[in-house]
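Enquirer: If you scroll down you'll find the structure; I have some questions about it.
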4 protein chains.
Amino acid sequence: MIHAKRQKRSIVVDKRKEILAAAIEVFARKGYNKANIVEVAARAGVATGTVYLYFKNKDDLLLQSMKTMMDTNFEDIKKKLIKEKKAIDKLFMFFYHHIDVFTTRPSMARFLMVELRQSEEFYKRYPTYNPFHDYQEFVEELVKKAIKEGTTLPYNPSTVSYLILGAMDSVVTHWLIHPESVDLIAVTGEIRKILHNGMKKEQ
Amino acid sequence: MIHAKRQKRSIVVDKRKEILAAAIEVFARKGYNKANIVEVAARAGVATGTVYLYFKNKDDLLLQSMKTMMDTNFEDIKKKLIKEKKAIDKLFMFFYHHIDVFTTRPSMARFLMVELRQSEEFYKRYPTYNPFHDYQEFVEELVKKAIKEGTTLPYNPSTVSYLILGAMDSVVTHWLIHPESVDLIAVTGEIRKILHNGMKKEQ
Amino acid sequence: MIHAKRQKRSIVVDKRKEILAAAIEVFARKGYNKANIVEVAARAGVATGTVYLYFKNKDDLLLQSMKTMMDTNFEDIKKKLIKEKKAIDKLFMFFYHHIDVFTTRPSMARFLMVELRQSEEFYKRYPTYNPFHDYQEFVEELVKKAIKEGTTLPYNPSTVSYLILGAMDSVVTHWLIHPESVDLIAVTGEIRKILHNGMKKEQ
Amino acid sequence: MIHAKRQKRSIVVDKRKEILAAAIEVFARKGYNKANIVEVAARAGVATGTVYLYFKNKDDLLLQSMKTMMDTNFEDIKKKLIKEKKAIDKLFMFFYHHIDVFTTRPSMARFLMVELRQSEEFYKRYPTYNPFHDYQEFVEELVKKAIKEGTTLPYNPSTVSYLILGAMDSVVTHWLIHPESVDLIAVTGEIRKILHNGMKKEQ
DNA sequence: TATGAATGAGGCTTCATTCAT
DNA sequence: TATGAATGAAGCCTCATTCAT
């Protein structure tokens, strides 16, 4: 009996995760509107109705999928930055790893690039949650530190974050559309150089 | 006969334009998927079926909306650049005017920022038309010229265009979500400075 | 002026006929429901609205198309029977020519075979007009004569007409579906033989 | 579990059958093109969408309706022929029972007579399924046997089948349009006599 | 918790018909 | 008579969501 209970709980936990994983997969492949719950459920190996036991509705499922993806990616990337000591290096490695992570999982990247834009209504409905906010904030903090550390000119951190996030975005977007025409290594290297040149404080 | 034709055509153009304007408005507000033809028609002051006299289907309406907007904006912006002589100045004024044009027409901006992302399927369906392509090419040409003119380091023009277009995109996107938190003048000025510093060739 | 008037009248006459001809063509190719007035008008070289000057509505156009086709075919066939003297010969030549006429114009044949069946509602709406009625009556008359002439056993003329019209129908229908598998000459010859054997009065 | 499954399946079968019955009814009354799914669903006592759980689309519904009817009728008729021993008797009883079955269920008959004609497109779309094919083949087999048994002259079996199927068709069609003017018993009797005379081998 | 059949609103599109010119 | 742009009703189908089991 005890064993059964344990199993049950673990199954329950799994189910939510499996639905989420399936949703990410399906949303990424088909986009929000063409994705349909029946397929998500099938891919998760549960009944249609079960999805509604764990998620309020399709919007909720989308929201949580996005959050999960963003959080996972963000954590992945942040882990890789631990060994960097100077803020300026963290900043550029963040740039590099972000592009790496997104281009490694193109369908997920596409989903995030596309659907997050569209979610103005999500911003309205869930004003507290902006999945880009963490990114924005993280970059701004790094910029502030880099300024403090004296490696960077005292530009407005927000501004710099727009520039960096925009560049990341732009590179990934173009790569998604024309993967063959974008040499990721070269491009990231050069962008890094330009930004570095533009921001560095002569010491 | 000629007169009749002219009249007819001008009427046609008007209705087509009205539908297009309505479509832009509705698409921008609701997004492509949640926008519906009935509403577009109503807003244009025509019957549902009339839309299909001027546009093949919903996709075509979206495509033509995008094209119209992009072309109009692009022409507007290019006109303003004529007086600039040096490529590097054209480049930064392009940046400036783009942001100006887009933030002056927010609903249109939102539409373009959001829907164009989503249109990977359009790229596939209409591979000959990429509304960003003109932008991309224009910026690359300016970079090439700037390098030739000796004002800019010989970075890869594509790379630089990613950086610049990404920055433009990012600024507009953030402004759309939180207009109050983005000081457009300051931000564009600073970005310009960073990019300029990063790219300039010491002379 | 006189000349102009003449021209005009002749044009008018032509227009009705041209619309009818176009309708027959389009109905035959697409069937009643998938045929559309715009295409009929285009093919007739007139404006959409003009169709409604000559025909009350789509149903009317269909009805008149059918009537025209049936009448034309019927007259064609009857002309070819003039030289036959004995009723029994007329009967079998009618059979032969009918199949010949219909298989010579397959799309028209298909239209008549298919749409006439469907037109129960036409029978209701225009109870006086049954395009098959003339056929039926003609065959019955021939049977009566053949009986009188002593070449045929005194079967009920209606019955014989069912048999003959049914055979014609069946052969044409099968030929329409699988033209390659039906040897028209052989089939008509044999059917004629069977019917002849079955009906003939030993003399 | 087994019980549940059974129950479920039996419910499913019922609903499918109800929809099928409703479809036959509506198709027969209005014809394929003017029939609409909403009405079929209403008559079956289910929601519109439910139809699409059991049938892929309107075409599929039509196809399956036809197949069901043809198969049911065909089996019914064949059962009644078991007691006949000679092929020639089976042949004429087939004729008799066919007309009996069809005139007993007029709306179904009308549906089959009318819609099957129209289904050239179905033959193209579903080339493997020709609901008339079984009929045709069955009659041809009987003719072959009758020839072997020495009761019938060696006519081409296909030809004879055209004749017999055509006669059946013709009688039913006329009866559908003018039931009062067709004395089924007399007509079938006479047709049988003519065909018998025409085909019989003097022994 | 879990199921999945059933629901029915809503979307895109077509086209017979009208009417102002 | 002739035009053809405009109309808008109506049809097929999808799918998020519910609910009886």
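Residue numbering restarts at 1 in every chain; chains get A, B, ... in the order shown in the structure tokens, and ligands count up from 1 in that same order.
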Distance table requested - chain A against chain E, cut-off 7 Å, only C-alpha atoms (C1' of nucleotides): one row per qualifying residue with the closest atom pair and its distance in Å to one decimal, ordered by chain and rising residue number, as a tab-separated table.
Expert:
residue	atom	partner	partner_atom	distance
A:Ala47	CA	E:DT3	C1'	5.8
A:Thr48	CA	E:DG4	C1'	6.6
A:Gly49	CA	E:DT3	C1'	6.8
A:Thr50	CA	E:DA2	C1'	6.3
Enquirer: Please build the interface table for chain F against chain D with a cut-off of 12 Å, listing for each qualifying residue the nearest atom pair and the distance in Å to one decimal; count only C-alpha atoms (C1' of nucleotides), order rows by chain and increasing number, and write it as a Markdown table.
Expert:
| residue | atom | partner | partner_atom | distance |
| --- | --- | --- | --- | --- |
| F:DA10 | C1' | D:Asn36 | CA | 9.9 |
| F:DG11 | C1' | D:Asn36 | CA | 7.3 |
| F:DC12 | C1' | D:Ile37 | CA | 7.9 |
| F:DC13 | C1' | D:Asn57 | CA | 8.0 |
| F:DT14 | C1' | D:Gly49 | CA | 8.5 |
| F:DC15 | C1' | D:Gly49 | CA | 9.4 |
| F:DT21 | C1' | D:Ala4 | CA | 9.5 |
Enquirer: Kindly determine which residues of chain A lie within 9 Å of chain B, considering only C-alpha atoms, and give the answer as JSON, numbers by chain.
Expert: {"A": [31, 33, 110, 111, 113, 114, 115, 116, 117, 118, 119, 120, 121, 123, 155, 156, 158, 159, 160, 162, 163, 164, 165, 166, 167, 168, 169, 170, 171, 173, 174, 176, 177, 182, 186, 187, 188, 190, 191, 193, 194, 195, 196, 197, 198, 199, 200]}
Enquirer: Check the DSSP output for the backbone and give back, as a ChimeraX atom specification, the residues of region 41-199 of chain A in alpha helix (DSSP H).
Expert: /A:41-44,48-54,58-81,87-104,106-118,120-125,133-148,157-177,184-199
Enquirer: What does the distance between CA of Leu81 (chain C) and CA of Glu25 (chain C) come to in Å, to one decimal place?
Expert: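 Calculated distance between CA of Leu81 (chain C) and CA of Glu25 (chain C) is 27.2 Å.
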Enquirer: For CA of Gly150 (chain A) and CA of Ile88 (chain A), determine how far apart the two atoms are, in Å to one decimal place.
Expert: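 One can read the CA of Gly150 (chain A) to CA of Ile88 (chain A) distance as 9.6 Å.
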Enquirer: Need the shell around Leu112 (chain D): protein/DNA/RNA residues with any atom at most 10 Å away, counting only C-alpha atoms (C1' of nucleotides). Skip same-chain ones fewer than 2 positions apart. Format as a VMD selection string?
Expert: chain D and resid 24 27 to 28 65 to 67 69 to 70 102 106 to 110 114 to 118 131
Enquirer: Please produce a file of those selected residues containing all heavy atoms, as a compact mmCIF listing (two decimals), in the first residue's frame.
Expert:
# COMPACT_ATOMS: atom_id res chain seq x y z
N ILE D 24 -28.76 9.54 -43.91
CA ILE D 24 -29.49 8.91 -45.02
C ILE D 24 -30.81 9.63 -45.23
O ILE D 24 -31.16 10.00 -46.35
CB ILE D 24 -29.73 7.42 -44.70
CG1 ILE D 24 -28.40 6.67 -44.77
CG2 ILE D 24 -30.74 6.81 -45.65
CD1 ILE D 24 -28.46 5.26 -44.24
N PHE D 27 -29.95 13.31 -46.51
CA PHE D 27 -29.40 13.25 -47.87
C PHE D 27 -30.50 12.87 -48.85
O PHE D 27 -30.60 13.44 -49.94
CB PHE D 27 -28.28 12.20 -47.94
CG PHE D 27 -26.96 12.68 -47.41
CD1 PHE D 27 -26.05 11.79 -46.85
CD2 PHE D 27 -26.60 14.02 -47.48
CE1 PHE D 27 -24.82 12.22 -46.37
CE2 PHE D 27 -25.38 14.46 -47.00
CZ PHE D 27 -24.48 13.55 -46.44
N ALA D 28 -31.31 11.89 -48.47
CA ALA D 28 -32.35 11.42 -49.37
C ALA D 28 -33.36 12.52 -49.67
O ALA D 28 -33.82 12.68 -50.79
CB ALA D 28 -33.05 10.21 -48.77
N SER D 65 -22.71 6.39 -45.79
CA SER D 65 -24.15 6.20 -45.89
C SER D 65 -24.47 5.30 -47.08
O SER D 65 -25.22 4.32 -46.97
CB SER D 65 -24.85 7.55 -46.08
OG SER D 65 -24.59 8.40 -45.00
N MET D 66 -23.88 5.63 -48.19
CA MET D 66 -24.13 4.85 -49.39
C MET D 66 -23.68 3.41 -49.18
O MET D 66 -24.41 2.47 -49.49
CB MET D 66 -23.35 5.45 -50.56
CG MET D 66 -23.82 6.84 -50.94
SD MET D 66 -23.25 7.35 -52.57
CE MET D 66 -21.50 7.02 -52.44
N LYS D 67 -22.49 3.26 -48.69
CA LYS D 67 -21.95 1.91 -48.50
C LYS D 67 -22.85 1.09 -47.58
O LYS D 67 -23.18 -0.06 -47.87
CB LYS D 67 -20.54 2.01 -47.91
CG LYS D 67 -19.83 0.66 -47.82
CD LYS D 67 -18.36 0.84 -47.51
CE LYS D 67 -17.72 -0.46 -47.05
NZ LYS D 67 -18.06 -1.62 -47.90
N MET D 69 -26.01 1.46 -46.90
CA MET D 69 -27.27 1.10 -47.55
C MET D 69 -27.09 0.02 -48.58
O MET D 69 -27.84 -0.96 -48.62
CB MET D 69 -27.84 2.34 -48.22
CG MET D 69 -28.43 3.31 -47.22
SD MET D 69 -29.19 4.69 -48.07
CE MET D 69 -27.82 5.80 -48.17
N MET D 70 -26.10 0.22 -49.43
CA MET D 70 -25.90 -0.76 -50.49
C MET D 70 -25.60 -2.13 -49.89
O MET D 70 -26.14 -3.15 -50.32
CB MET D 70 -24.73 -0.33 -51.37
CG MET D 70 -25.00 0.90 -52.20
SD MET D 70 -26.33 0.67 -53.41
CE MET D 70 -25.44 -0.19 -54.72
N PHE D 102 -36.13 -1.72 -52.80
CA PHE D 102 -36.01 -0.29 -53.07
C PHE D 102 -37.35 0.43 -52.97
O PHE D 102 -37.42 1.56 -52.48
CB PHE D 102 -35.36 -0.05 -54.43
CG PHE D 102 -33.87 -0.03 -54.36
CD1 PHE D 102 -33.17 -1.17 -53.96
CD2 PHE D 102 -33.15 1.11 -54.64
CE1 PHE D 102 -31.78 -1.16 -53.87
CE2 PHE D 102 -31.76 1.13 -54.54
CZ PHE D 102 -31.08 0.00 -54.16
N PRO D 106 -38.51 4.08 -49.96
CA PRO D 106 -38.39 5.05 -51.07
C PRO D 106 -37.32 6.11 -50.87
O PRO D 106 -36.58 6.43 -51.80
CB PRO D 106 -39.77 5.70 -51.15
CG PRO D 106 -40.64 4.96 -50.23
CD PRO D 106 -39.82 4.11 -49.34
N SER D 107 -37.23 6.65 -49.65
CA SER D 107 -36.29 7.76 -49.49
C SER D 107 -34.87 7.25 -49.67
O SER D 107 -34.02 7.91 -50.26
CB SER D 107 -36.47 8.45 -48.14
OG SER D 107 -35.95 7.66 -47.11
N MET D 108 -34.64 6.06 -49.17
CA MET D 108 -33.33 5.46 -49.37
C MET D 108 -33.07 5.18 -50.84
O MET D 108 -32.00 5.42 -51.37
CB MET D 108 -33.25 4.17 -48.57
CG MET D 108 -31.87 3.64 -48.40
SD MET D 108 -31.98 1.88 -48.13
CE MET D 108 -32.78 1.38 -49.65
N ALA D 109 -34.11 4.70 -51.48
CA ALA D 109 -33.98 4.42 -52.90
C ALA D 109 -33.63 5.69 -53.67
O ALA D 109 -32.69 5.74 -54.46
CB ALA D 109 -35.28 3.84 -53.43
N ARG D 110 -34.37 6.73 -53.37
CA ARG D 110 -34.12 7.99 -54.06
C ARG D 110 -32.67 8.42 -53.86
O ARG D 110 -31.98 8.83 -54.78
CB ARG D 110 -35.07 9.07 -53.56
CG ARG D 110 -35.06 10.32 -54.43
CD ARG D 110 -35.93 11.44 -53.88
NE ARG D 110 -37.18 10.98 -53.27
CZ ARG D 110 -38.27 10.66 -53.94
NH1 ARG D 110 -38.28 10.76 -55.25
NH2 ARG D 110 -39.35 10.26 -53.30
N VAL D 114 -30.12 8.69 -56.93
CA VAL D 114 -29.66 10.03 -57.29
C VAL D 114 -28.19 10.23 -57.00
O VAL D 114 -27.41 10.62 -57.86
CB VAL D 114 -30.48 11.10 -56.54
CG1 VAL D 114 -29.83 12.45 -56.67
CG2 VAL D 114 -31.89 11.13 -57.08
N GLU D 115 -27.82 9.96 -55.76
CA GLU D 115 -26.48 10.36 -55.35
C GLU D 115 -25.39 9.48 -55.94
O GLU D 115 -24.29 9.94 -56.18
CB GLU D 115 -26.39 10.38 -53.82
CG GLU D 115 -27.35 11.34 -53.16
CD GLU D 115 -27.09 12.79 -53.56
OE1 GLU D 115 -25.99 13.10 -54.02
OE2 GLU D 115 -28.02 13.62 -53.41
N LEU D 116 -25.72 8.23 -56.13
CA LEU D 116 -24.68 7.36 -56.67
C LEU D 116 -24.27 7.80 -58.07
O LEU D 116 -23.12 7.65 -58.46
CB LEU D 116 -25.15 5.92 -56.67
CG LEU D 116 -24.98 5.20 -55.34
CD1 LEU D 116 -25.49 3.79 -55.44
CD2 LEU D 116 -23.52 5.19 -54.92
N ARG D 117 -25.22 8.34 -58.79
CA ARG D 117 -24.89 8.86 -60.12
C ARG D 117 -23.86 9.94 -60.04
O ARG D 117 -22.99 10.10 -60.85
CB ARG D 117 -26.12 9.56 -60.74
CG ARG D 117 -27.31 8.76 -60.77
CD ARG D 117 -27.21 7.90 -61.96
NE ARG D 117 -27.99 6.72 -61.72
CZ ARG D 117 -28.31 5.89 -62.68
NH1 ARG D 117 -27.89 6.13 -63.91
NH2 ARG D 117 -28.99 4.82 -62.41
N GLN D 118 -24.11 10.75 -59.03
CA GLN D 118 -23.34 11.97 -58.92
C GLN D 118 -21.93 11.69 -58.46
O GLN D 118 -21.09 12.57 -58.45
CB GLN D 118 -24.03 12.84 -57.88
CG GLN D 118 -24.18 14.25 -58.33
CD GLN D 118 -24.54 15.12 -57.18
OE1 GLN D 118 -24.77 14.65 -56.08
NE2 GLN D 118 -24.55 16.40 -57.42
N PRO D 131 -19.77 1.22 -55.08
CA PRO D 131 -20.87 0.45 -54.48
C PRO D 131 -21.67 -0.34 -55.50
O PRO D 131 -22.37 -1.27 -55.15
CB PRO D 131 -21.72 1.53 -53.82
CG PRO D 131 -21.33 2.80 -54.47
CD PRO D 131 -19.95 2.65 -54.97
Enquirer: Could you tell me how far CA of Ala42 (chain D) sits from CA of Thr103 (chain D), in Å to one decimal place?
Expert: 27.0 Å
Enquirer: When you count only C-alpha atoms, which of these residues is closest to His98 (chain B): B:Lys79, B:Lys201, B:Lys17, B:Lys145?
Expert: B:Lys79
